[in-house]
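These notes concern the structure reproduced below.
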Amino acid sequence: MKYNMKRTVLVTGGGGYIGAHACKALAEAGYEPVTYDNLSYGHREHVLWGPFEYGDILDRERLDAVFEKHKPDAVMHFAAFAYVGESVTNPEKYYRNNVAGSLSILEAMIRHGVKDIVFSSTCATYGIPENLPISEDSPQKPINPYGRSKLMVEEMLADFGRAHRLRWIALRYFNAAGADEEGDIGEAHDPETHLIPLVLDAASGKRPSVTVFGTDYDTPDGTCVRDYKHVADLASAHVLALKAIQEGMAPRAFNLGNGSGYSVREVIEEAERITGRAISTEWGARREGDPARLIASATDAREILGWVSARPGLNQMVGTAWTWHCKNNLSAAAHLSKDTAS
Ligand code: UDP
């Protein structure tokens with residue numbers, strides 16, 4: 001036990017979108033985040049709070065060295081692949097990294113006597129919901145390998161909890177959105193598949209248009225409804241979950257969402273309002289596997305974890321994403337003109 005020291009948290013995937021925001025929230029709460037990332041999708045320049053350790057979650061020796069060096073008190077496990085379509089065509093990539101990689105993390109924790117873990121799970125573990133809003137005890141019937149890979153890890157956590165007294169909380173996110181309010185970090189996927197960054201790309205002219213996947217859903221305006229949640233609010237829930245574990249809360253999962261949703265059309269309209277630009281929109285066919293509406297019940301996260309959503313409005317999510325988009329694309333443009341000049 002370390003006394004009078006910052007509690008250290010090993011953050012796998014700390015260079016990714018939600019992981020980097022969690023590192024900031026951890027640092028602000030007095031923890032020391034140590035990012036462990038192989039930078040396959042993460043960004044070195046987003047590791048701004050605490051040390052960075054390059055490594056793959058499947059690399060046992062590297063994990064041992066990092067656990068030995070930093071002696072973490074807990075783990076936050078974000079490192080995972082998250083492209084649903086790719087998980088269908090290349091399931092082995094998802095089972096290897098998301099499932100075997102998580103097993104490798106859990107085994108390293110056992111070897112090094114670390115008992116506490118917050119796991120980044122997903123609403124994709126529910127599949128097509130029978131009832132809305134989706135509560136934590138709704139049936140988990142994922143419809144793609146990505147969702148199945150995350151559900152398998154939840155099941156591993158439960159088994160490790162029973163066998164090794166591992167203490168865990170799984171957080172099932174709905175749609176993460178927005179960016180850090182200070183503009184330090186934001187969403188930067190490559191390839192980008194998420195609605196809000198694609199819409200902002202169309203607003204700024206980086207892409208010619210955005211395609212709406214389906215206009216004939218059984219929703220008020222015919223387009224899909226999703227429960228968008230500001231990424232900084234997701235990050236704060238991770239800190240609350242960690243504290244709850246450390247204070248002895250029994251292992252369980254929590255949904256993280258707003259409890260209300262916005263349609264694709266509403267997102268585009270909000271982006272037009274915030275950016276002051278017309279967004280060229282193509283009305284396309286449905287994307288396979290998209291349910292009409294996904295809405296979380298996050299009552300437990302509020303009432304049991306004490307989670308307060310500081311940025312519930314779509315304007316806050318699209319607004320911070322736009323600030324980030326402008327800053328990010330300005331610096332990309334500056335690099336480009338420097339390269340061209342030299
Ligand atoms: N969507 C869309 N066009 C796009 C990307 C997404 O219409 O180019 C829709 C998608 O069908 C879904 C919503 O936007 O209803 C959010 O999709 P996203 O991929 O951002 O997150 P998901 O809900 O799949 O996790």
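Identifiers in this document derive from the order of the structure tokens: chains are assigned A, B, ..., residues are numbered from 1 separately in each chain, and ligands are numbered from 1 in order of occurrence.
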task: Step by step, measure atom-to-atom distances between ligand 1 and each residue using only C-alpha atoms and all ligand atoms, keep those at most 7 Å, then write them as a ChimeraX atom specification.
output: /A:174-175,193-196,198,210-214,224-226,264,286-287,290
Write the residues you've just listed into a file as a PDB file, in the first residue's frame, and include N, CA, C and O atoms for each of them.
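part-v8.pdb, freshly written:
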ATOM      1  N   PHE A 174     -23.211   4.718 -24.675  1.00  0.00           N
ATOM      2  CA  PHE A 174     -24.050   4.841 -25.860  1.00  0.00           C
ATOM      3  C   PHE A 174     -23.217   5.649 -26.875  1.00  0.00           C
ATOM      4  O   PHE A 174     -22.139   5.208 -27.222  1.00  0.00           O
ATOM      5  N   ASN A 175     -23.632   6.816 -27.333  1.00  0.00           N
ATOM      6  CA  ASN A 175     -22.824   7.501 -28.363  1.00  0.00           C
ATOM      7  C   ASN A 175     -21.981   8.618 -27.751  1.00  0.00           C
ATOM      8  O   ASN A 175     -22.533   9.641 -27.337  1.00  0.00           O
ATOM      9  N   THR A 193     -15.942   7.192 -38.981  1.00  0.00           N
ATOM     10  CA  THR A 193     -17.242   6.624 -39.352  1.00  0.00           C
ATOM     11  C   THR A 193     -18.365   7.256 -38.540  1.00  0.00           C
ATOM     12  O   THR A 193     -19.534   6.972 -38.781  1.00  0.00           O
ATOM     13  N   HIS A 194     -18.022   8.078 -37.558  1.00  0.00           N
ATOM     14  CA  HIS A 194     -19.053   8.589 -36.643  1.00  0.00           C
ATOM     15  C   HIS A 194     -19.742   9.837 -37.183  1.00  0.00           C
ATOM     16  O   HIS A 194     -19.120  10.665 -37.856  1.00  0.00           O
ATOM     17  N   LEU A 195     -21.004   9.924 -36.826  1.00  0.00           N
ATOM     18  CA  LEU A 195     -21.855  10.948 -37.437  1.00  0.00           C
ATOM     19  C   LEU A 195     -21.350  12.377 -37.213  1.00  0.00           C
ATOM     20  O   LEU A 195     -21.195  13.130 -38.182  1.00  0.00           O
ATOM     21  N   ILE A 196     -21.105  12.768 -35.964  1.00  0.00           N
ATOM     22  CA  ILE A 196     -20.821  14.192 -35.708  1.00  0.00           C
ATOM     23  C   ILE A 196     -19.537  14.651 -36.413  1.00  0.00           C
ATOM     24  O   ILE A 196     -19.559  15.664 -37.127  1.00  0.00           O
ATOM     25  N   LEU A 198     -18.218  13.473 -39.072  1.00  0.00           N
ATOM     26  CA  LEU A 198     -18.477  13.464 -40.523  1.00  0.00           C
ATOM     27  C   LEU A 198     -19.308  14.682 -40.932  1.00  0.00           C
ATOM     28  O   LEU A 198     -19.052  15.311 -41.960  1.00  0.00           O
ATOM     29  N   VAL A 210     -22.514  14.758 -46.374  1.00  0.00           N
ATOM     30  CA  VAL A 210     -22.708  13.652 -45.434  1.00  0.00           C
ATOM     31  C   VAL A 210     -23.918  12.859 -45.918  1.00  0.00           C
ATOM     32  O   VAL A 210     -24.873  13.434 -46.438  1.00  0.00           O
ATOM     33  N   THR A 211     -23.826  11.539 -45.763  1.00  0.00           N
ATOM     34  CA  THR A 211     -24.953  10.690 -46.173  1.00  0.00           C
ATOM     35  C   THR A 211     -25.719  10.241 -44.938  1.00  0.00           C
ATOM     36  O   THR A 211     -25.124   9.733 -43.991  1.00  0.00           O
ATOM     37  N   VAL A 212     -27.024  10.446 -44.967  1.00  0.00           N
ATOM     38  CA  VAL A 212     -27.880   9.981 -43.868  1.00  0.00           C
ATOM     39  C   VAL A 212     -28.266   8.539 -44.160  1.00  0.00           C
ATOM     40  O   VAL A 212     -28.823   8.243 -45.220  1.00  0.00           O
ATOM     41  N   PHE A 213     -27.965   7.669 -43.202  1.00  0.00           N
ATOM     42  CA  PHE A 213     -28.240   6.249 -43.410  1.00  0.00           C
ATOM     43  C   PHE A 213     -29.686   5.916 -43.018  1.00  0.00           C
ATOM     44  O   PHE A 213     -29.940   5.500 -41.889  1.00  0.00           O
ATOM     45  N   GLY A 214     -30.598   6.097 -43.943  1.00  0.00           N
ATOM     46  CA  GLY A 214     -31.988   5.688 -43.716  1.00  0.00           C
ATOM     47  C   GLY A 214     -32.876   6.850 -43.315  1.00  0.00           C
ATOM     48  O   GLY A 214     -32.547   7.612 -42.410  1.00  0.00           O
ATOM     49  N   CYS A 224     -32.540   7.768 -37.733  1.00  0.00           N
ATOM     50  CA  CYS A 224     -32.225   7.039 -36.491  1.00  0.00           C
ATOM     51  C   CYS A 224     -32.022   7.987 -35.310  1.00  0.00           C
ATOM     52  O   CYS A 224     -31.440   9.066 -35.458  1.00  0.00           O
ATOM     53  N   VAL A 225     -32.443   7.528 -34.145  1.00  0.00           N
ATOM     54  CA  VAL A 225     -32.272   8.302 -32.911  1.00  0.00           C
ATOM     55  C   VAL A 225     -31.227   7.609 -32.040  1.00  0.00           C
ATOM     56  O   VAL A 225     -31.286   6.393 -31.836  1.00  0.00           O
ATOM     57  N   ARG A 226     -30.259   8.396 -31.575  1.00  0.00           N
ATOM     58  CA  ARG A 226     -29.203   7.862 -30.704  1.00  0.00           C
ATOM     59  C   ARG A 226     -29.069   8.720 -29.461  1.00  0.00           C
ATOM     60  O   ARG A 226     -29.356   9.924 -29.486  1.00  0.00           O
ATOM     61  N   VAL A 264     -30.647  11.788 -36.470  1.00  0.00           N
ATOM     62  CA  VAL A 264     -29.560  12.190 -37.379  1.00  0.00           C
ATOM     63  C   VAL A 264     -29.882  13.574 -37.954  1.00  0.00           C
ATOM     64  O   VAL A 264     -29.027  14.458 -38.035  1.00  0.00           O
ATOM     65  N   ARG A 286     -30.505   2.593 -45.505  1.00  0.00           N
ATOM     66  CA  ARG A 286     -30.184   2.178 -44.137  1.00  0.00           C
ATOM     67  C   ARG A 286     -28.821   1.492 -44.082  1.00  0.00           C
ATOM     68  O   ARG A 286     -28.429   0.836 -45.056  1.00  0.00           O
ATOM     69  N   ARG A 287     -28.129   1.629 -42.971  1.00  0.00           N
ATOM     70  CA  ARG A 287     -26.882   0.888 -42.735  1.00  0.00           C
ATOM     71  C   ARG A 287     -27.270  -0.395 -42.004  1.00  0.00           C
ATOM     72  O   ARG A 287     -28.044  -0.349 -41.039  1.00  0.00           O
ATOM     73  N   ASP A 290     -28.364  -1.227 -37.930  1.00  0.00           N
ATOM     74  CA  ASP A 290     -28.699  -0.018 -37.160  1.00  0.00           C
ATOM     75  C   ASP A 290     -30.129  -0.107 -36.616  1.00  0.00           C
ATOM     76  O   ASP A 290     -31.082  -0.060 -37.396  1.00  0.00           O
TER      77      ASP A 290
END
Quick one: contact table of range 159-256 of chain A to range 303-311 of chain A, 8 Å max, nearest atom pair and distance in Å to one decimal per residue, counting only C-alpha atoms, chain and number order, as a tab-separated table?
residue	atom	partner	partner_atom	distance
A:His230	CA	A:Arg311	CA	6.2
A:Asp233	CA	A:Ser309	CA	5.8
A:Ser236	CA	A:Trp307	CA	7.7
A:Ala237	CA	A:Trp307	CA	6.1
A:Leu240	CA	A:Leu305	CA	6.2
A:Ala241	CA	A:Leu305	CA	6.7
A:Ala244	CA	A:Leu305	CA	7.0
message: So that I can see what lies close to Val118 in chain A, please list as an MDAnalysis selection string the residues with an atom at most 9 Å from it, counting only C-alpha atoms and leaving out residues fewer than 6 positions away in the same chain.
response: chainID A and resid 74:78 167:171 238:239 241:242 245
message: DSSP on the backbone: which residues in range 6-169 of chain A end up as alpha helix (DSSP H)? Give the answer as JSON, numbers by chain.
response: {"A": [17, 18, 19, 20, 21, 22, 23, 24, 25, 26, 27, 28, 60, 61, 62, 63, 64, 65, 66, 67, 68, 69, 70, 84, 85, 86, 87, 88, 89, 91, 92, 93, 94, 101, 102, 103, 104, 105, 106, 107, 108, 109, 110, 111, 145, 146, 147, 148, 149, 150, 151, 152, 153, 154, 155, 156, 157, 158, 159, 160, 161, 162, 163, 164]}
message: One decimal, in Å: what's the spacing between CA of Ala80 in chain A and CA of His164 in chain A?
response: 23.4 Å
Env of range 9-22 of chain A: 7 Å cut, atoms = only C-alpha atoms, seq-sep filter 2 positions within chain, self excluded. Answer as a short mmCIF file (atom, residue, chain, number, x, y, z; two decimals) with all heavy atoms, in the first residue's frame.
data_model
loop_
_atom_site.label_atom_id
_atom_site.label_comp_id
_atom_site.auth_asym_id
_atom_site.auth_seq_id
_atom_site.Cartn_x
_atom_site.Cartn_y
_atom_site.Cartn_z
N ARG A 7 -2.51 8.18 -6.33
CA ARG A 7 -2.86 6.83 -6.77
C ARG A 7 -2.66 6.74 -8.27
O ARG A 7 -3.14 7.58 -9.02
CB ARG A 7 -4.30 6.52 -6.40
CG ARG A 7 -4.45 6.31 -4.92
CD ARG A 7 -5.78 5.71 -4.63
NE ARG A 7 -5.83 5.26 -3.26
CZ ARG A 7 -6.77 4.46 -2.79
NH1 ARG A 7 -7.72 4.04 -3.58
NH2 ARG A 7 -6.76 4.08 -1.55
N LYS A 24 -7.41 12.96 -18.52
CA LYS A 24 -7.54 14.34 -18.04
C LYS A 24 -8.40 14.36 -16.76
O LYS A 24 -8.03 15.01 -15.78
CB LYS A 24 -8.17 15.22 -19.12
CG LYS A 24 -8.28 16.66 -18.68
CD LYS A 24 -8.69 17.61 -19.80
CE LYS A 24 -8.55 19.05 -19.31
NZ LYS A 24 -8.91 20.03 -20.33
N ALA A 25 -9.52 13.65 -16.78
CA ALA A 25 -10.41 13.63 -15.60
C ALA A 25 -9.70 13.01 -14.40
O ALA A 25 -9.85 13.48 -13.27
CB ALA A 25 -11.69 12.86 -15.94
N LEU A 26 -8.91 11.96 -14.65
CA LEU A 26 -8.17 11.33 -13.54
C LEU A 26 -7.17 12.30 -12.95
O LEU A 26 -7.06 12.45 -11.73
CB LEU A 26 -7.42 10.10 -14.06
CG LEU A 26 -8.24 8.82 -14.26
CD1 LEU A 26 -7.43 7.80 -15.06
CD2 LEU A 26 -8.66 8.24 -12.91
N TYR A 31 -5.41 11.72 -9.41
CA TYR A 31 -4.75 10.44 -9.73
C TYR A 31 -3.61 10.69 -10.71
O TYR A 31 -3.59 11.71 -11.41
CB TYR A 31 -5.74 9.49 -10.41
CG TYR A 31 -6.84 8.98 -9.51
CD1 TYR A 31 -8.05 9.67 -9.40
CD2 TYR A 31 -6.70 7.79 -8.79
CE1 TYR A 31 -9.08 9.20 -8.58
CE2 TYR A 31 -7.72 7.31 -7.98
CZ TYR A 31 -8.91 8.02 -7.89
OH TYR A 31 -9.92 7.55 -7.09
N GLU A 32 -2.70 9.73 -10.81
CA GLU A 32 -1.71 9.79 -11.88
C GLU A 32 -2.05 8.76 -12.95
O GLU A 32 -1.88 7.55 -12.72
CB GLU A 32 -0.29 9.52 -11.37
CG GLU A 32 0.66 9.59 -12.59
CD GLU A 32 2.13 9.48 -12.24
OE1 GLU A 32 2.54 8.40 -11.79
OE2 GLU A 32 2.84 10.46 -12.42
N PRO A 33 -2.54 9.20 -14.12
CA PRO A 33 -2.79 8.24 -15.19
C PRO A 33 -1.49 7.88 -15.91
O PRO A 33 -0.68 8.76 -16.21
CB PRO A 33 -3.73 9.00 -16.13
CG PRO A 33 -3.47 10.44 -15.88
CD PRO A 33 -2.90 10.58 -14.49
N VAL A 34 -1.29 6.59 -16.16
CA VAL A 34 -0.16 6.15 -16.99
C VAL A 34 -0.77 5.54 -18.24
O VAL A 34 -1.49 4.54 -18.16
CB VAL A 34 0.69 5.09 -16.27
CG1 VAL A 34 1.77 4.54 -17.20
CG2 VAL A 34 1.28 5.64 -14.99
N THR A 35 -0.54 6.17 -19.37
CA THR A 35 -1.13 5.67 -20.62
C THR A 35 -0.31 4.52 -21.19
O THR A 35 0.91 4.64 -21.33
CB THR A 35 -1.23 6.80 -21.67
OG1 THR A 35 -2.24 7.70 -21.25
CG2 THR A 35 -1.58 6.25 -23.05
N TYR A 36 -1.00 3.43 -21.50
CA TYR A 36 -0.37 2.28 -22.17
C TYR A 36 -1.11 2.12 -23.49
O TYR A 36 -2.31 1.84 -23.52
CB TYR A 36 -0.53 1.04 -21.29
CG TYR A 36 0.19 -0.18 -21.81
CD1 TYR A 36 1.54 -0.38 -21.56
CD2 TYR A 36 -0.50 -1.15 -22.55
CE1 TYR A 36 2.20 -1.51 -22.03
CE2 TYR A 36 0.15 -2.28 -23.01
CZ TYR A 36 1.50 -2.45 -22.75
OH TYR A 36 2.15 -3.56 -23.22
N ASP A 37 -0.38 2.34 -24.60
CA ASP A 37 -1.07 2.40 -25.90
C ASP A 37 -0.10 1.96 -26.98
O ASP A 37 1.08 2.31 -26.93
CB ASP A 37 -1.52 3.86 -26.14
CG ASP A 37 -2.65 3.98 -27.16
OD1 ASP A 37 -2.47 3.49 -28.29
OD2 ASP A 37 -3.68 4.58 -26.83
N LEU A 39 -0.60 2.82 -30.05
CA LEU A 39 -0.77 3.89 -31.05
C LEU A 39 -1.29 3.39 -32.39
O LEU A 39 -1.12 4.04 -33.41
CB LEU A 39 0.54 4.69 -31.23
CG LEU A 39 1.07 5.35 -29.95
CD1 LEU A 39 2.34 6.16 -30.27
CD2 LEU A 39 0.03 6.27 -29.31
N TYR A 41 -4.43 3.11 -33.09
CA TYR A 41 -5.47 4.11 -33.36
C TYR A 41 -5.32 5.32 -32.43
O TYR A 41 -5.90 6.36 -32.70
CB TYR A 41 -6.87 3.51 -33.19
CG TYR A 41 -7.22 2.52 -34.28
CD1 TYR A 41 -7.24 1.15 -34.02
CD2 TYR A 41 -7.51 2.96 -35.57
CE1 TYR A 41 -7.55 0.24 -35.02
CE2 TYR A 41 -7.81 2.06 -36.57
CZ TYR A 41 -7.84 0.70 -36.30
OH TYR A 41 -8.14 -0.20 -37.30
N GLY A 42 -4.59 5.17 -31.35
CA GLY A 42 -4.42 6.27 -30.39
C GLY A 42 -3.44 7.31 -30.91
O GLY A 42 -2.73 7.08 -31.90
N HIS A 43 -3.41 8.45 -30.24
CA HIS A 43 -2.56 9.57 -30.69
C HIS A 43 -1.59 9.93 -29.58
O HIS A 43 -2.01 10.28 -28.47
CB HIS A 43 -3.43 10.78 -31.02
CG HIS A 43 -4.50 10.48 -32.02
ND1 HIS A 43 -4.26 10.41 -33.37
CD2 HIS A 43 -5.82 10.19 -31.86
CE1 HIS A 43 -5.39 10.11 -34.00
NE2 HIS A 43 -6.34 9.96 -33.10
N ARG A 44 -0.30 9.89 -29.91
CA ARG A 44 0.72 10.24 -28.91
C ARG A 44 0.50 11.67 -28.39
O ARG A 44 0.68 11.94 -27.21
CB ARG A 44 2.13 10.11 -29.55
CG ARG A 44 3.27 10.51 -28.65
CD ARG A 44 3.39 9.58 -27.44
NE ARG A 44 4.40 10.00 -26.49
CZ ARG A 44 4.17 10.84 -25.48
NH1 ARG A 44 2.97 11.37 -25.30
NH2 ARG A 44 5.14 11.14 -24.63
N HIS A 46 -2.14 13.17 -27.81
CA HIS A 46 -3.27 13.31 -26.89
C HIS A 46 -2.93 12.80 -25.50
O HIS A 46 -3.77 12.82 -24.60
CB HIS A 46 -4.50 12.56 -27.43
CG HIS A 46 -5.09 13.20 -28.66
ND1 HIS A 46 -6.30 12.83 -29.19
CD2 HIS A 46 -4.63 14.21 -29.44
CE1 HIS A 46 -6.55 13.57 -30.26
NE2 HIS A 46 -5.55 14.40 -30.43
N VAL A 47 -1.70 12.31 -25.34
CA VAL A 47 -1.28 11.85 -24.00
C VAL A 47 -0.64 13.05 -23.30
O VAL A 47 0.55 13.30 -23.43
CB VAL A 47 -0.29 10.67 -24.10
CG1 VAL A 47 0.07 10.16 -22.70
CG2 VAL A 47 -0.89 9.55 -24.93
N PRO A 72 0.78 0.30 -10.60
CA PRO A 72 -0.55 0.93 -10.57
C PRO A 72 -1.43 0.35 -9.47
O PRO A 72 -1.29 -0.81 -9.09
CB PRO A 72 -1.13 0.60 -11.95
CG PRO A 72 -0.39 -0.60 -12.41
CD PRO A 72 0.98 -0.50 -11.83
N ASP A 73 -2.31 1.21 -8.95
CA ASP A 73 -3.30 0.76 -7.95
C ASP A 73 -4.54 0.21 -8.65
O ASP A 73 -5.31 -0.53 -8.04
CB ASP A 73 -3.72 1.95 -7.09
CG ASP A 73 -2.53 2.57 -6.40
OD1 ASP A 73 -2.08 2.01 -5.40
OD2 ASP A 73 -2.03 3.60 -6.89
N ALA A 74 -4.73 0.62 -9.89
CA ALA A 74 -5.95 0.22 -10.62
C ALA A 74 -5.69 0.33 -12.12
O ALA A 74 -4.70 0.92 -12.55
CB ALA A 74 -7.10 1.14 -10.22
N VAL A 75 -6.62 -0.25 -12.88
CA VAL A 75 -6.54 -0.20 -14.34
C VAL A 75 -7.85 0.37 -14.89
O VAL A 75 -8.92 0.08 -14.38
CB VAL A 75 -6.31 -1.62 -14.91
CG1 VAL A 75 -6.44 -1.65 -16.43
CG2 VAL A 75 -4.94 -2.16 -14.48
N MET A 76 -7.72 1.22 -15.90
CA MET A 76 -8.87 1.57 -16.74
C MET A 76 -8.57 1.02 -18.11
O MET A 76 -7.54 1.38 -18.70
CB MET A 76 -9.07 3.09 -16.81
CG MET A 76 -9.80 3.63 -15.62
SD MET A 76 -10.29 5.34 -15.87
CE MET A 76 -10.86 5.68 -14.21
N HIS A 77 -9.45 0.18 -18.60
CA HIS A 77 -9.13 -0.57 -19.82
C HIS A 77 -10.00 -0.10 -20.99
O HIS A 77 -11.16 -0.48 -21.11
CB HIS A 77 -9.33 -2.06 -19.53
CG HIS A 77 -9.05 -2.94 -20.71
ND1 HIS A 77 -8.10 -2.66 -21.66
CD2 HIS A 77 -9.63 -4.12 -21.09
CE1 HIS A 77 -8.10 -3.62 -22.58
NE2 HIS A 77 -9.02 -4.50 -22.25
N PHE A 78 -9.38 0.73 -21.84
CA PHE A 78 -10.07 1.24 -23.03
C PHE A 78 -9.60 0.57 -24.32
O PHE A 78 -10.30 0.60 -25.32
CB PHE A 78 -9.81 2.75 -23.20
CG PHE A 78 -10.38 3.60 -22.11
CD1 PHE A 78 -9.64 3.93 -20.99
CD2 PHE A 78 -11.68 4.07 -22.20
CE1 PHE A 78 -10.17 4.72 -19.98
CE2 PHE A 78 -12.22 4.87 -21.21
CZ PHE A 78 -11.46 5.18 -20.08
N ALA A 79 -8.34 0.07 -24.31
CA ALA A 79 -7.72 -0.38 -25.57
C ALA A 79 -8.58 -1.44 -26.24
O ALA A 79 -8.77 -2.53 -25.70
CB ALA A 79 -6.33 -0.94 -25.29
N GLY A 186 -9.66 15.74 -28.73
CA GLY A 186 -10.98 15.57 -29.34
C GLY A 186 -11.02 14.29 -30.14
O GLY A 186 -10.14 13.43 -30.02
N GLU A 187 -12.06 14.17 -30.95
CA GLU A 187 -12.29 12.93 -31.69
C GLU A 187 -11.49 12.96 -32.99
O GLU A 187 -11.63 13.90 -33.77
CB GLU A 187 -13.80 12.80 -31.99
CG GLU A 187 -14.21 11.46 -32.51
CD GLU A 187 -15.71 11.23 -32.44
OE1 GLU A 187 -16.46 12.20 -32.18
OE2 GLU A 187 -16.13 10.09 -32.67
N VAL A 231 -18.25 13.48 -24.16
CA VAL A 231 -17.12 12.62 -23.78
C VAL A 231 -16.53 13.02 -22.42
O VAL A 231 -16.05 12.16 -21.67
CB VAL A 231 -16.06 12.63 -24.91
CG1 VAL A 231 -15.44 14.01 -25.10
CG2 VAL A 231 -14.99 11.58 -24.70
N ALA A 232 -16.60 14.29 -22.07
CA ALA A 232 -16.07 14.70 -20.76
C ALA A 232 -16.98 14.19 -19.64
O ALA A 232 -16.51 13.90 -18.53
CB ALA A 232 -15.92 16.22 -20.69
N ALA A 235 -16.04 10.64 -19.24
CA ALA A 235 -14.77 10.56 -18.50
C ALA A 235 -15.00 10.71 -17.01
O ALA A 235 -14.44 9.96 -16.20
CB ALA A 235 -13.82 11.64 -19.01
N HIS A 238 -16.02 7.61 -15.26
CA HIS A 238 -14.95 6.64 -15.00
C HIS A 238 -14.28 6.90 -13.65
O HIS A 238 -13.93 5.97 -12.93
CB HIS A 238 -13.90 6.67 -16.10
CG HIS A 238 -14.40 6.07 -17.37
ND1 HIS A 238 -15.31 6.69 -18.18
CD2 HIS A 238 -14.14 4.88 -17.95
CE1 HIS A 238 -15.60 5.91 -19.20
NE2 HIS A 238 -14.90 4.80 -19.09
#
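Each of A:Asn255, A:Asn328, A:Thr275, A:Thr323 was compared to Pro133 in chain A using only C-alpha atoms, and A:Asn255 turns out to be the nearest.
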Which residues of range 19-80 of chain A sit at most 8 Å from range 105-109 of chain A, using only C-alpha atoms? Give each one's shortest atom pair and distance in Å (one decimal place), in chain and ascending residue order, as JSON lines.
{"residue": "A:Ile57", "atom": "CA", "partner": "A:Ile105", "partner_atom": "CA", "distance": 6.4}
{"residue": "A:Leu58", "atom": "CA", "partner": "A:Ile105", "partner_atom": "CA", "distance": 7.8}
{"residue": "A:Arg60", "atom": "CA", "partner": "A:Ala108", "partner_atom": "CA", "distance": 7.3}
{"residue": "A:Leu63", "atom": "CA", "partner": "A:Ala108", "partner_atom": "CA", "distance": 6.8}
{"residue": "A:Asp64", "atom": "CA", "partner": "A:Ala108", "partner_atom": "CA", "distance": 6.7}
{"residue": "A:Phe67", "atom": "CA", "partner": "A:Ala108", "partner_atom": "CA", "distance": 7.9}
task: Can you list, as a ChimeraX atom specification, all residues belonging to range 144-291 of chain A that DSSP tags as strand (DSSP E or B)?
output: /A:167-173,175-177,210-213,225-226,228-230,252-256,262-263,281-284
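You can rank A:Arg62, A:His325, A:Lys150, A:Arg172 by their closest distance to Ala301 in chain A using only C-alpha atoms, and at the top of that list sits A:Arg172.
Residue nearest Ser297 in chain A, chosen from A:Ile143, A:Leu256, A:Val318, A:Ala271 and counting only C-alpha atoms: A:Leu256.
Using only C-alpha atoms, the shortest contact distance between Arg207 in chain A and any of A:Glu192, A:Glu136, A:Glu288, A:Glu61 is found at A:Glu192.
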message: Neighbouring residues of Arg273 in chain A were defined as those with any atom within 10 Å, considering only C-alpha atoms; residues of the same chain fewer than 6 positions away were excluded. Please report them as a count of residues only.
response: 4
message: Please list as a VMD selection string every residue within 10 Å of Ile279 in chain A, counting only C-alpha atoms and excluding residues in the same chain fewer than 3 positions away.
response: chain A and resid 199 to 205 208 to 210 268 to 269 271 to 272 275 to 276 282
- request: Please measure the separation of CA of Thr89 in chain A and CA of Ser104 in chain A, giving the value in Å to one decimal.
  value: 24.0 Å
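Of the residues listed (A:Tyr228, A:Phe254, A:Tyr94, A:Trp49), A:Tyr228 shows the shortest atom-to-atom separation from Met317 in chain A; distances use only C-alpha atoms.
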